[in-house]
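Report on one structure; see the data block that follows.
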Amino acid sequence: MADITRRDIVAICGGAIAGDHAGRIPTGERMTIERYGITEATADIPIISLVTVHDDVVHLCGITADPGSPRDIKEQTRQVLERIDRLLGRAGTSKSNLISATVWLTDMAHFADHNAVWNAWVDPKNPPVRACLQSPQLWRPGLLVEIMATAAK
């Protein structure tokens, strides 16, 4: 299996947009879908959009920290939330417009530490609905948290 490059890791995690690809994809007479950060395929990276926007609803892919660093759940959560902020900004919105979030933790023993970082970040006057699930493994070993979110524009 081919090694994943740092460029691929950063692209899939939202730190950089592969090829800085963005565009409107007409899918009907009145409907458009904007896609940001379409990734380039590698042996173990799918072709996906990091962000899609449809009818003023912004959908983010699952966002993770950089594999390999940092290892602490609080630091990984901070990095993920910073990436979410950047991606939402790119789509013309912010965390104050979050509708929903799904969180995957590899160990529910991290729940309290993850929530401490989440609670310091989230807009307390406009919190999204949220689910938190345990996943025994994320896309790379060492990753402890992944968050997928939806926001209004």
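FYI, nothing fancy with the structure tokens labels: chains A, B, ... in order, residues from 1 per chain, ligands from 1 as they appear.
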Considering only C-alpha atoms, return as a ChimeraX atom specification whatever protein or nucleic-acid residues lie within 12 Å of segment 109-113 of chain A, sequence-local ones (same chain, fewer than 5 positions apart) excluded. /A:72-78,103-104,118-120,131-134,144-145
From chain A, collect each residue whose DSSP state is strand (DSSP E) and return the set as a PyMOL selection string. chain A and resi 22-26+32-38+49-54+57-60+63-64+98-105+129-134+145-152
For segment 46-62 of chain A: contacts at 6 Å, only C-alpha atoms, fewer than 4 positions along chain excluded, given as a list in words: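 Answer for this query is Ile33, Glu34, Arg35, Tyr36, Gly37, Ile38, Thr39, Glu40, Ala41, Glu146, Ile147, Met148, Ala149, Thr150, Ala151, Ala152 and Lys153 of chain A.
Considering only C-alpha atoms, the residue among A:Val129, A:Ala116, A:Ile84, A:Val122 positioned nearest to Ser100 of chain A is A:Val129.
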Quick one: of A:Ser135, A:Asn126, A:Gln79, A:Asn115, who's nearest to Lys95 of chain A, counting only C-alpha atoms? A:Asn126
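Of note, atom CA of Gln137 of chain A and atom CA of Asp107 of chain A are spaced 9.2 Å apart.
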Interatomic distance between atom CA of Arg130 of chain A and atom CA of Leu98 of chain A?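 A separation of 10.0 Å between them.
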Do you have the atom CA of Ile99 of chain A-atom CA of Leu138 of chain A distance handy?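 Rounded to one decimal, the two atoms are 23.6 Å apart.
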Per DSSP on the backbone, what are the alpha helix (DSSP H) residues of segment 47-102 of chain A, as a PyMOL selection string? chain A and resi 73-90
